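Just start-v4.txt here, compact mmCIF, C-alpha atoms and all ligand atoms:
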```txt
# COMPACT_ATOMS: atom_id res chain seq x y z
CA MET A 1 -6.68 -70.01 -31.55
CA ARG A 2 -4.88 -71.72 -28.71
CA SER A 3 -5.35 -75.13 -30.31
CA MET A 4 -4.03 -73.78 -33.61
CA LEU A 5 -0.93 -72.40 -31.91
CA ARG A 6 -0.41 -75.64 -30.10
CA ALA A 7 -0.70 -77.60 -33.34
CA ALA A 8 1.82 -75.29 -35.00
CA PHE A 9 4.26 -75.70 -32.12
CA LEU A 10 4.01 -79.47 -32.14
CA SER A 11 4.58 -79.61 -35.86
CA LEU A 12 7.73 -77.52 -35.39
CA VAL A 13 9.05 -79.85 -32.73
CA ALA A 14 8.36 -82.94 -34.77
CA ALA A 15 9.45 -81.54 -38.12
CA PRO A 16 11.93 -84.06 -39.50
CA GLY A 17 15.27 -82.94 -40.84
CA LEU A 18 17.28 -84.74 -43.46
CA ALA A 19 17.43 -88.41 -42.52
CA GLN A 20 20.86 -89.99 -42.31
CA VAL A 21 20.24 -93.65 -41.53
CA THR A 22 19.13 -96.08 -44.23
CA LEU A 23 18.66 -99.77 -43.53
CA PRO A 24 19.68 -102.52 -45.97
CA ASN A 25 16.04 -102.93 -46.97
CA GLY A 26 15.91 -99.27 -47.99
CA LEU A 27 13.89 -98.08 -45.00
CA VAL A 28 14.97 -94.65 -43.77
CA VAL A 29 14.94 -94.40 -39.98
CA PRO A 30 14.06 -93.39 -37.38
CA ARG A 31 10.43 -92.89 -38.30
CA ASP A 32 7.26 -92.08 -36.43
CA SER A 33 5.36 -95.32 -35.81
CA VAL A 34 2.13 -93.29 -35.32
CA ASN A 35 0.82 -95.94 -32.96
CA GLY A 36 0.16 -93.92 -29.83
CA GLU A 37 3.60 -94.59 -28.37
CA ILE A 38 5.91 -91.89 -27.08
CA GLN A 39 8.18 -91.10 -29.98
CA LEU A 40 11.82 -89.99 -29.79
CA TYR A 41 10.99 -86.36 -30.58
CA SER A 42 8.59 -86.16 -27.65
CA MET A 43 11.15 -87.73 -25.32
CA PHE A 44 13.91 -85.31 -26.35
CA SER A 45 11.58 -82.35 -26.03
CA THR A 46 10.46 -83.44 -22.56
CA ARG A 47 14.08 -83.79 -21.46
CA GLY A 48 15.01 -80.34 -22.76
CA GLU A 49 17.34 -81.76 -25.39
CA ALA A 50 17.99 -79.67 -28.50
CA ILE A 51 18.19 -82.78 -30.63
CA ASP A 52 16.66 -83.28 -34.07
CA TRP A 53 15.45 -86.85 -33.72
CA VAL A 54 15.78 -87.54 -37.47
CA ALA A 55 18.57 -85.28 -38.72
CA ASP A 56 20.83 -86.01 -35.71
CA ALA A 57 20.30 -89.77 -35.70
CA ARG A 58 23.38 -91.74 -36.76
CA ALA A 59 24.42 -95.35 -36.88
CA THR A 60 27.73 -94.17 -35.43
CA PRO A 61 29.39 -93.75 -33.08
CA ASP A 62 28.50 -97.31 -32.24
CA VAL A 63 31.47 -97.78 -29.90
CA PHE A 64 32.72 -95.51 -27.15
CA SER A 65 35.68 -94.73 -24.93
CA PRO A 66 34.75 -95.13 -21.24
CA LEU A 67 35.79 -92.24 -19.00
CA CYS A 68 36.43 -92.09 -15.27
CA SER A 69 32.78 -92.08 -14.28
CA PHE A 70 29.81 -93.88 -15.73
CA SER A 71 26.05 -93.96 -15.42
CA ALA A 72 23.27 -95.61 -17.35
CA GLU A 73 19.60 -94.67 -17.38
CA LEU A 74 16.67 -96.30 -19.12
CA VAL A 75 14.94 -93.14 -20.31
CA LEU A 76 12.24 -94.61 -22.53
CA LYS A 77 10.73 -98.00 -23.18
CA GLN A 78 7.92 -98.40 -25.70
CA SER A 79 7.83 -102.14 -26.06
CA GLY A 80 6.10 -105.08 -24.48
CA SER A 81 9.33 -107.04 -24.18
CA SER A 82 11.46 -107.21 -21.07
CA LEU A 83 15.15 -106.87 -21.88
CA GLY A 84 18.26 -105.64 -20.14
CA VAL A 85 21.28 -103.89 -21.53
CA GLY A 86 24.98 -104.58 -21.17
CA TRP A 87 28.40 -103.47 -22.32
CA TYR A 88 31.14 -105.40 -24.06
CA ASN A 89 34.75 -104.97 -25.02
CA VAL A 90 34.95 -104.35 -28.76
CA ASP A 91 37.77 -106.88 -28.98
CA ASP A 92 35.47 -109.60 -27.56
CA PRO A 93 31.76 -108.98 -28.27
CA SER A 94 30.88 -112.53 -27.20
CA MET A 95 31.07 -111.47 -23.54
CA ILE A 96 28.35 -108.95 -22.67
CA PHE A 97 28.30 -107.64 -19.11
CA GLU A 98 24.92 -106.63 -17.72
CA ILE A 99 24.36 -102.98 -16.76
CA LEU A 100 20.58 -102.79 -16.31
CA PRO A 101 18.71 -106.10 -15.92
CA ALA A 102 15.49 -107.04 -17.67
CA GLY A 103 12.49 -105.47 -15.95
CA THR A 104 14.32 -102.29 -14.96
CA PRO A 105 11.71 -99.52 -14.61
CA VAL A 106 12.00 -96.49 -16.86
CA GLY A 107 13.84 -93.70 -15.05
CA THR A 108 16.20 -96.05 -13.24
CA THR A 109 19.80 -94.83 -13.21
CA ILE A 110 22.76 -96.88 -12.12
CA THR A 111 26.03 -95.20 -11.18
CA GLY A 112 28.09 -98.14 -10.02
CA THR A 113 31.66 -98.96 -10.85
CA SER A 114 32.80 -97.22 -14.00
CA ILE A 115 33.57 -99.46 -16.95
CA ARG A 116 37.11 -98.09 -16.92
CA ASP A 117 37.60 -99.41 -13.38
CA ASP A 118 35.90 -102.74 -14.09
CA ALA A 119 38.32 -105.68 -13.96
CA ARG A 120 36.65 -107.07 -17.10
CA TYR A 121 37.48 -103.97 -19.14
CA THR A 122 40.36 -104.73 -21.50
CA GLY A 123 41.34 -101.16 -22.20
CA GLY A 124 39.94 -100.29 -25.62
CA LEU A 125 36.60 -99.14 -26.93
CA VAL A 126 33.34 -100.61 -25.67
CA GLY A 127 29.94 -101.19 -27.21
CA PHE A 128 26.47 -101.68 -25.77
CA ALA A 129 23.91 -104.37 -26.49
CA LEU A 130 20.32 -105.25 -25.75
CA LEU A 131 20.40 -108.56 -23.86
CA ARG A 132 18.38 -110.86 -26.06
CA SER A 133 19.11 -113.75 -28.39
CA PRO A 134 20.74 -112.86 -30.61
CA ALA A 135 21.91 -109.67 -28.91
CA HIS A 136 21.17 -106.36 -30.58
CA TYR A 137 24.59 -104.75 -30.74
CA SER A 138 25.28 -101.04 -31.00
CA GLN A 139 27.82 -102.07 -33.65
CA ALA A 140 25.74 -102.84 -36.69
CA SER A 141 28.56 -104.99 -38.06
CA LEU A 142 27.82 -107.54 -35.33
CA ASN A 143 24.12 -107.83 -36.13
CA THR A 144 22.32 -110.14 -38.52
CA VAL A 145 23.18 -109.46 -42.15
CA CYS A 146 20.21 -108.92 -44.43
CA ASN A 147 21.04 -109.99 -47.97
CA ALA A 148 17.83 -111.41 -49.41
CA GLY A 149 14.33 -110.18 -50.15
CA ALA A 150 14.15 -106.39 -49.83
CA CYS A 151 17.87 -106.34 -48.97
CA ALA A 152 19.07 -108.26 -52.02
CA ALA A 153 20.15 -105.13 -53.88
CA THR A 154 21.80 -103.44 -50.91
CA PRO A 155 22.88 -106.16 -48.49
CA GLY A 156 24.24 -105.25 -45.10
CA PRO A 157 23.79 -105.75 -41.36
CA TRP A 158 20.71 -104.44 -39.60
CA ILE A 159 21.28 -101.15 -37.80
CA LEU A 160 19.50 -101.82 -34.52
CA SER A 161 20.46 -98.70 -32.59
CA VAL A 162 21.02 -95.04 -33.40
CA SER A 163 23.06 -92.66 -31.27
CA TYR A 164 22.69 -89.02 -30.30
CA PRO A 165 25.04 -86.85 -28.23
CA SER A 166 23.24 -85.09 -25.39
CA SER A 167 22.95 -81.37 -25.94
CA VAL A 168 22.76 -80.60 -22.22
CA GLU A 169 25.34 -82.91 -20.70
CA ASP A 170 28.97 -83.48 -21.64
CA ASP A 171 30.18 -86.97 -22.50
CA ALA A 172 26.63 -88.32 -22.54
CA TRP A 173 25.06 -90.32 -25.36
CA TYR A 174 21.59 -91.61 -26.07
CA LEU A 175 21.39 -95.04 -27.64
CA ALA A 176 17.96 -95.85 -29.06
CA PHE A 177 17.27 -99.51 -29.89
CA GLU A 178 14.83 -101.57 -31.89
CA ASP A 179 14.08 -104.82 -30.09
CA GLY A 180 12.28 -107.06 -32.62
CA ASP A 181 13.61 -110.10 -34.44
CA THR A 182 15.72 -109.83 -37.54
CA SER A 183 16.54 -112.25 -40.34
CA SER A 184 18.52 -112.36 -43.57
CA SER A 185 15.51 -111.11 -45.52
CA SER A 186 13.34 -109.02 -43.16
CA TRP A 187 12.91 -107.61 -39.69
CA ASN A 188 10.03 -107.49 -37.26
CA ASN A 189 10.39 -103.83 -36.33
CA ASP A 190 8.70 -100.56 -37.22
CA GLY A 191 11.73 -98.26 -37.27
CA ASP A 192 10.68 -95.96 -34.42
CA TYR A 193 13.76 -96.80 -32.28
CA ASN A 194 11.84 -95.98 -29.13
CA ASP A 195 11.64 -99.58 -27.89
CA TYR A 196 14.56 -99.08 -25.47
CA VAL A 197 16.37 -95.76 -25.15
CA PHE A 198 19.30 -95.43 -22.77
CA LEU A 199 21.35 -92.45 -21.70
CA PHE A 200 24.94 -93.40 -20.99
CA THR A 201 27.16 -90.79 -19.34
CA GLY A 202 30.91 -90.92 -18.91
CA VAL A 203 31.48 -92.18 -22.43
CA ALA A 204 33.05 -90.39 -25.36
CA CYS A 205 33.44 -91.09 -29.04
CA ALA A 206 36.83 -92.22 -30.29
CA GLY A 207 39.34 -89.38 -30.41
CA ALA A 208 37.57 -87.20 -27.86
CA GLY A 209 39.68 -85.53 -25.19
CA GLU A 210 42.83 -85.43 -27.32
CA PRO A 211 44.74 -82.12 -27.40
CA CYS A 212 44.14 -80.05 -30.52
CA GLU A 213 44.58 -76.58 -31.94
CA VAL A 214 41.50 -74.46 -32.55
CA PRO A 215 41.42 -73.39 -36.21
CA ASP A 216 42.10 -69.65 -36.43
CA GLY A 217 42.56 -69.55 -32.64
CA VAL A 218 45.38 -67.39 -31.30
CA GLY A 219 46.83 -66.77 -27.86
CA ILE A 220 45.25 -68.72 -25.05
CA CYS A 221 42.28 -69.42 -27.35
CA ARG A 222 44.38 -71.73 -29.56
CA ALA A 223 44.80 -74.81 -27.37
CA GLY A 224 41.79 -77.08 -27.05
CA LEU A 225 40.50 -80.59 -26.64
CA GLN A 226 38.65 -82.69 -29.19
CA GLU A 227 34.94 -82.92 -28.52
CA CYS A 228 32.35 -85.28 -30.00
CA GLY A 229 29.44 -84.03 -32.02
CA VAL A 230 26.61 -85.65 -33.96
CA GLY A 231 27.79 -88.86 -35.55
CA GLY A 232 31.06 -88.73 -33.60
CA ALA A 233 32.38 -85.78 -35.61
CA LEU A 234 35.26 -84.17 -33.72
CA THR A 235 35.59 -80.45 -33.16
CA CYS A 236 38.33 -78.68 -31.24
CA ARG A 237 36.82 -76.89 -28.24
CA PRO A 238 39.12 -74.19 -26.79
CA ASP A 239 40.41 -74.75 -23.27
CA ASN A 240 40.15 -71.05 -22.49
CA ALA A 241 37.82 -68.22 -23.39
CA ALA A 242 39.29 -64.80 -24.15
CA ARG A 243 39.68 -62.66 -21.05
CA ASP A 244 41.25 -59.35 -20.06
CA GLU A 245 44.92 -58.98 -20.91
CA ARG A 246 47.36 -59.24 -18.01
CA CYS A 247 51.11 -58.80 -17.81
CA ASP A 248 52.18 -62.43 -17.91
CA GLY A 249 53.70 -63.21 -21.31
CA GLN A 250 50.44 -64.59 -22.71
CA ASP A 251 47.85 -63.26 -25.12
CA GLU A 252 44.70 -63.49 -23.02
CA ASP A 253 42.36 -61.44 -25.16
CA CYS A 254 43.31 -63.56 -28.18
CA ASP A 255 44.09 -60.71 -30.55
CA GLY A 256 47.57 -61.93 -31.51
CA LEU A 257 49.41 -59.41 -29.29
CA VAL A 258 51.08 -60.35 -26.02
CA ASP A 259 50.68 -58.09 -22.98
CA GLU A 260 49.43 -55.13 -25.00
CA GLY A 261 47.32 -52.25 -23.77
CA GLU A 262 47.29 -49.85 -20.85
CA GLY A 263 46.99 -50.47 -17.15
CA LEU A 264 48.60 -53.90 -16.96
CA CYS A 265 50.98 -52.83 -14.18
CA GLY A 266 51.11 -50.35 -11.33
CA ALA A 267 51.62 -46.66 -12.01
CA ALA A 268 55.41 -46.79 -11.50
CA GLU A 269 56.04 -50.02 -13.40
CA LEU A 270 56.30 -51.30 -16.93
CA CYS A 271 55.20 -54.63 -18.33
CA PHE A 272 58.29 -56.23 -19.78
CA ALA A 273 58.96 -59.85 -20.67
CA GLY A 274 55.78 -60.92 -18.94
CA VAL A 275 56.26 -59.21 -15.59
CA CYS A 276 55.74 -55.77 -14.13
CA VAL A 277 59.17 -54.25 -13.50
CA PRO A 278 60.38 -50.94 -12.10
CA PRO A 279 62.22 -48.59 -14.48
CA CYS A 280 66.02 -48.87 -14.71
CA PHE A 281 68.74 -46.23 -14.65
CA GLU A 282 72.25 -45.97 -16.02
CA GLY A 283 74.68 -48.12 -14.09
CA GLY A 284 71.83 -49.78 -12.24
CA CYS A 285 71.76 -53.06 -14.17
CA ALA A 286 73.18 -56.36 -12.99
CA THR A 287 76.59 -57.65 -14.06
CA GLY A 288 76.44 -58.78 -17.67
CA GLU A 289 73.59 -56.42 -18.49
CA SER A 290 73.40 -52.96 -19.95
CA CYS A 291 70.76 -50.28 -19.69
CA VAL A 292 69.80 -49.68 -23.31
CA GLU A 293 66.99 -47.27 -24.10
CA GLY A 294 65.89 -47.56 -20.54
CA VAL A 295 65.81 -51.34 -20.31
CA CYS A 296 68.35 -53.62 -18.64
CA ILE A 297 69.16 -56.29 -21.20
CA GLU A 298 71.79 -58.97 -21.45
CA ASP A 299 74.98 -57.75 -23.08
CA ALA A 300 74.71 -60.62 -25.55
CA CYS A 301 71.35 -59.24 -26.68
CA VAL A 302 72.32 -55.60 -27.13
CA SER A 303 72.76 -55.91 -30.90
CA MET A 304 69.96 -58.42 -31.42
CA THR A 305 66.56 -57.69 -32.94
CA CYS A 306 64.04 -60.48 -32.65
CA ASP A 307 60.89 -61.05 -34.66
CA ALA A 308 57.52 -60.44 -33.07
CA GLY A 309 56.67 -63.07 -30.48
CA LEU A 310 60.32 -63.89 -29.75
CA ALA A 311 62.58 -62.63 -27.02
CA CYS A 312 66.36 -62.50 -26.86
CA ARG A 313 67.98 -64.69 -24.29
CA GLY A 314 71.68 -65.51 -24.17
CA GLY A 315 72.17 -63.87 -27.56
CA ALA A 316 69.51 -65.93 -29.32
CA CYS A 317 65.93 -65.20 -30.28
CA VAL A 318 63.71 -67.72 -28.52
CA ALA A 319 60.09 -68.16 -27.60
CA PRO A 320 59.43 -66.05 -24.51
CA CYS A 321 58.62 -69.11 -22.44
CA ALA A 322 61.18 -71.50 -23.98
CA GLY A 323 62.76 -73.59 -21.26
CA VAL A 324 60.86 -71.89 -18.48
CA VAL A 325 57.35 -71.82 -17.10
CA CYS A 326 55.73 -68.48 -17.84
CA PRO A 327 55.26 -66.15 -16.17
CA ASN A 328 58.03 -67.31 -13.82
CA LEU A 329 60.89 -66.52 -16.14
CA PRO A 330 64.44 -66.65 -14.71
CA ARG A 331 65.05 -63.79 -12.39
CA GLY A 332 68.03 -62.50 -14.35
CA THR A 333 65.94 -62.29 -17.50
CA LEU A 334 63.07 -60.50 -15.91
CA ARG A 335 64.68 -57.93 -13.67
CA ARG A 336 65.03 -55.31 -16.31
CA ARG A 337 64.39 -51.80 -15.37
CA VAL A 338 63.24 -49.26 -17.89
CA ARG A 339 63.73 -45.57 -18.00
CA GLY A 340 61.69 -43.10 -20.02
CA GLY A 341 63.80 -40.99 -22.39
CA HIS A 342 63.77 -42.49 -25.89
CA LEU A 343 61.14 -45.12 -25.17
CA ARG A 344 57.66 -44.78 -26.52
CA ARG A 345 54.57 -46.96 -26.52
CA GLY A 346 54.46 -49.56 -29.24
CA LYS A 347 58.19 -49.61 -29.81
CA ARG A 348 59.72 -53.05 -30.20
CA LEU A 349 62.59 -53.84 -27.90
CA ARG A 350 64.41 -57.13 -28.19
CA GLY A 351 61.28 -58.80 -29.45
CA TRP A 352 58.95 -57.23 -26.87
CA ARG A 353 56.59 -54.38 -27.46
CA VAL A 354 56.62 -51.50 -24.97
CA ARG A 355 53.18 -51.04 -23.47
CA ARG A 356 53.72 -48.20 -21.09
CA VAL A 357 56.45 -45.68 -20.31
CA VAL A 358 56.85 -44.21 -16.86
CA ARG A 359 59.09 -41.16 -16.66
CA VAL A 360 61.31 -40.92 -13.57
CA PRO A 361 64.05 -38.43 -12.65
CA ARG A 362 67.60 -39.28 -13.74
CA LEU A 363 69.67 -40.45 -10.77
CA ARG A 364 73.09 -38.94 -10.17
CA ARG A 365 76.00 -40.61 -8.49
CA ARG A 366 76.98 -38.90 -5.27
CA CA B 1 10.20 -100.29 -32.73
CA CA B 2 8.18 -98.95 -30.43
CA CA B 3 46.44 -59.67 -26.51
CA CA B 4 49.05 -61.21 -21.20
```
When written as structure tokens, how does the structure in this file appear?
Amino acid sequence: MRSMLRAAFLSLVAAPGLAQVTLPNGLVVPRDSVNGEIQLYSMFSTRGEAIDWVADARATPDVFSPLCSFSAELVLKQSGSSLGVGWYNVDDPSMIFEILPAGTPVGTTITGTSIRDDARYTGGLVGFALLRSPAHYSQASLNTVCNAGACAATPGPWILSVSYPSSVEDDAWYLAFEDGDTSSSSWNNDGDYNDYVFLFTGVACAGAGEPCEVPDGVGICRAGLQECGVGGALTCRPDNAARDERCDGQDEDCDGLVDEGEGLCGAAELCFAGVCVPPCFEGGCATGESCVEGVCIEDACVSMTCDAGLACRGGACVAPCAGVVCPNLPRGTLRRRVRGGHLRRGKRLRGWRVRRVVRVPRLRRR
């Protein structure tokens, strides 16, 4: 029984998904060479990577943006050859700069100077290449073109590496190479792409790290940064996860309402315009303000009604944080005291929704 279970498990791990990479000779890769070598699926499984070695394999991204740190590890070598690997500026592939020399043992990681800080880096995207003659470039367009024999009907350059984003580490990519000779009509490879496999960290696909807006995201869950996925597909990952609402002019629980709910302020205060304020009383407002329905507001805003999400300032409806850094709104705007009386929860007041009403005794002039 145990052997049957084990066989079932292994078949699950190795079950191929829909292949995405087709070579000019029609061969669909990567493929199991069934020759006793460690295959890509075994390597990913051993490393705890949730990667489908066939379905997630792509010819792109074949170039990357170097980040502030960089490391390179030879994670698998199933070849009798002895080759190193290097990086190159995409705008000058003729100059390849060695990262790991030939003969580097599997498991070796280098974490030297980042490519971004390397004086030879010209500022754009970079590629990687197996150091042989001719080099095997990550960019298929730089490799030997096959246009005869089995490639005659579908000519194109040999795809000599496939890439996978790591599922356990950010900004980390596996590049899996074939190392055998190529020609205009054939190649001397088996398509297993396990000959040299490197893990490069501190590299991102083009467009990663750019600011974006999360589709359907609201409040603090809207802003995000572009993140690379399989094949270099970009998705907008939110900068913030939803959290408990606070009185600060932001929508932290990402429900489309700002500073809503109970208990945002102390027992004797009200959340108003993003800050907890004490209630106001008649005649107690600053010069140029009036106490209307319990709230000190600018005289210029007394007759104004703003749409949801806007606040009146200087007689105009503006974004609550326009021109200021929330929650540190100008003191004159924020120091509005509220009295009970006609106020009730949920009522809109100059573009703000009342969350809480605290009743206090009316003050009399002596
Ligand atoms: Ca091979
Ligand atoms: Ca091999
Ligand atoms: Ca909210
Ligand atoms: Ca809030």
Near ligand CA 2 (chain B), 8 Å: chain A residue rows, closest pairs, all atoms listed in the file, as CSV:
```
residue,atom,partner,partner_atom,distance
A:Ser33,CA,B:CA2,CA,7.1
A:Glu37,CA,B:CA2,CA,6.7
A:Gln39,CA,B:CA2,CA,7.9
A:Lys77,CA,B:CA2,CA,7.7
A:Gln78,CA,B:CA2,CA,4.8
A:Ser79,CA,B:CA2,CA,5.4
A:Glu178,CA,B:CA2,CA,7.3
A:Asn189,CA,B:CA2,CA,8.0
A:Asp190,CA,B:CA2,CA,7.0
A:Gly191,CA,B:CA2,CA,7.7
A:Asp192,CA,B:CA2,CA,5.6
A:Tyr193,CA,B:CA2,CA,6.3
A:Asn194,CA,B:CA2,CA,4.9
A:Asp195,CA,B:CA2,CA,4.3
```
How would the residues just picked look written out with C-alpha atoms as a CSV table (one decimal), in the coordinates of the input?
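For reference, part-v6.csv as written:
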```
chain,number,residue,atom,x,y,z
A,33,SER,CA,5.4,-95.3,-35.8
A,37,GLU,CA,3.6,-94.6,-28.4
A,39,GLN,CA,8.2,-91.1,-30.0
A,77,LYS,CA,10.7,-98.0,-23.2
A,78,GLN,CA,7.9,-98.4,-25.7
A,79,SER,CA,7.8,-102.1,-26.1
A,178,GLU,CA,14.8,-101.6,-31.9
A,189,ASN,CA,10.4,-103.8,-36.3
A,190,ASP,CA,8.7,-100.6,-37.2
A,191,GLY,CA,11.7,-98.3,-37.3
A,192,ASP,CA,10.7,-96.0,-34.4
A,193,TYR,CA,13.8,-96.8,-32.3
A,194,ASN,CA,11.8,-96.0,-29.1
A,195,ASP,CA,11.6,-99.6,-27.9
```
Work out how far CA of Asp299 (chain A) is from CA of Cys312 (chain A), in Å to one decimal.
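Rounded to one decimal, the two atoms are 10.5 Å apart.
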Enumerate as a short mmCIF file (atom, residue, chain, number, x, y, z; two decimals) with C-alpha atoms, in the coordinates of the input the residues within 7 Å of ligand CA 3 (chain B), counting only C-alpha atoms and all ligand atoms.
```cif
data_model
loop_
_atom_site.label_atom_id
_atom_site.label_comp_id
_atom_site.auth_asym_id
_atom_site.auth_seq_id
_atom_site.Cartn_x
_atom_site.Cartn_y
_atom_site.Cartn_z
CA GLU A 245 44.92 -58.98 -20.91
CA ASP A 251 47.85 -63.26 -25.12
CA GLU A 252 44.70 -63.49 -23.02
CA ASP A 253 42.36 -61.44 -25.16
CA CYS A 254 43.31 -63.56 -28.18
CA ASP A 255 44.09 -60.71 -30.55
CA GLY A 256 47.57 -61.93 -31.51
CA LEU A 257 49.41 -59.41 -29.29
CA VAL A 258 51.08 -60.35 -26.02
CA ASP A 259 50.68 -58.09 -22.98
CA GLU A 260 49.43 -55.13 -25.00
#
```
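The residue that comes closest to ligand CA 1 (chain B), out of A:Asp118, A:Asp32, A:Glu210, A:Glu289 and on the basis of all atoms listed in the file, is A:Asp32.
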List as a count of residues only the protein and nucleic acid residues lying within 12 Å of ligand CA 4 (chain B), with all atoms listed in the file counted.
37
Reconstruct region 64-81 of chain A at the level of N, CA and C atoms, and format the result as an mmCIF file, keeping the file's coordinate frame.
```
data_model
loop_
_atom_site.group_PDB
_atom_site.id
_atom_site.type_symbol
_atom_site.label_atom_id
_atom_site.label_comp_id
_atom_site.auth_asym_id
_atom_site.auth_seq_id
_atom_site.Cartn_x
_atom_site.Cartn_y
_atom_site.Cartn_z
ATOM 1 N N PHE A 64 32.406 -96.684 -27.957
ATOM 2 C CA PHE A 64 32.720 -95.510 -27.150
ATOM 3 C C PHE A 64 33.951 -95.767 -26.278
ATOM 4 N N SER A 65 34.565 -94.659 -25.870
ATOM 5 C CA SER A 65 35.680 -94.730 -24.930
ATOM 6 C C SER A 65 35.135 -94.437 -23.539
ATOM 7 N N PRO A 66 35.270 -95.379 -22.590
ATOM 8 C CA PRO A 66 34.750 -95.130 -21.240
ATOM 9 C C PRO A 66 35.649 -94.165 -20.477
ATOM 10 N N LEU A 67 35.044 -93.240 -19.765
ATOM 11 C CA LEU A 67 35.790 -92.240 -19.000
ATOM 12 C C LEU A 67 35.838 -92.666 -17.529
ATOM 13 N N CYS A 68 36.189 -91.714 -16.669
ATOM 14 C CA CYS A 68 36.430 -92.090 -15.270
ATOM 15 C C CYS A 68 35.154 -92.338 -14.482
ATOM 16 N N SER A 69 34.044 -91.808 -14.957
ATOM 17 C CA SER A 69 32.780 -92.080 -14.280
ATOM 18 C C SER A 69 31.816 -92.672 -15.295
ATOM 19 N N PHE A 70 30.758 -93.255 -14.807
ATOM 20 C CA PHE A 70 29.810 -93.880 -15.730
ATOM 21 C C PHE A 70 28.439 -93.953 -15.084
ATOM 22 N N SER A 71 27.413 -93.691 -15.870
ATOM 23 C CA SER A 71 26.050 -93.960 -15.420
ATOM 24 C C SER A 71 25.226 -94.411 -16.603
ATOM 25 N N ALA A 72 24.171 -95.133 -16.305
ATOM 26 C CA ALA A 72 23.270 -95.610 -17.350
ATOM 27 C C ALA A 72 21.839 -95.430 -16.861
ATOM 28 N N GLU A 73 21.008 -94.875 -17.729
ATOM 29 C CA GLU A 73 19.600 -94.670 -17.380
ATOM 30 C C GLU A 73 18.729 -95.190 -18.509
ATOM 31 N N LEU A 74 17.698 -95.938 -18.145
ATOM 32 C CA LEU A 74 16.670 -96.300 -19.120
ATOM 33 C C LEU A 74 15.700 -95.131 -19.169
ATOM 34 N N VAL A 75 15.735 -94.363 -20.248
ATOM 35 C CA VAL A 75 14.940 -93.140 -20.310
ATOM 36 C C VAL A 75 13.614 -93.329 -21.037
ATOM 37 N N LEU A 76 13.502 -94.367 -21.835
ATOM 38 C CA LEU A 76 12.240 -94.610 -22.530
ATOM 39 C C LEU A 76 12.149 -96.077 -22.910
ATOM 40 N N LYS A 77 10.965 -96.629 -22.733
ATOM 41 C CA LYS A 77 10.730 -98.000 -23.180
ATOM 42 C C LYS A 77 9.316 -98.050 -23.737
ATOM 43 N N GLN A 78 9.212 -98.304 -25.029
ATOM 44 C CA GLN A 78 7.920 -98.400 -25.700
ATOM 45 C C GLN A 78 7.867 -99.747 -26.401
ATOM 46 N N SER A 79 7.843 -100.775 -25.567
ATOM 47 C CA SER A 79 7.830 -102.140 -26.060
ATOM 48 C C SER A 79 7.257 -103.037 -24.992
ATOM 49 N N GLY A 80 6.654 -104.114 -25.423
ATOM 50 C CA GLY A 80 6.100 -105.080 -24.480
ATOM 51 C C GLY A 80 7.132 -106.084 -24.000
ATOM 52 N N SER A 81 8.305 -106.072 -24.577
ATOM 53 C CA SER A 81 9.330 -107.040 -24.180
ATOM 54 C C SER A 81 9.978 -106.620 -22.864
#
```
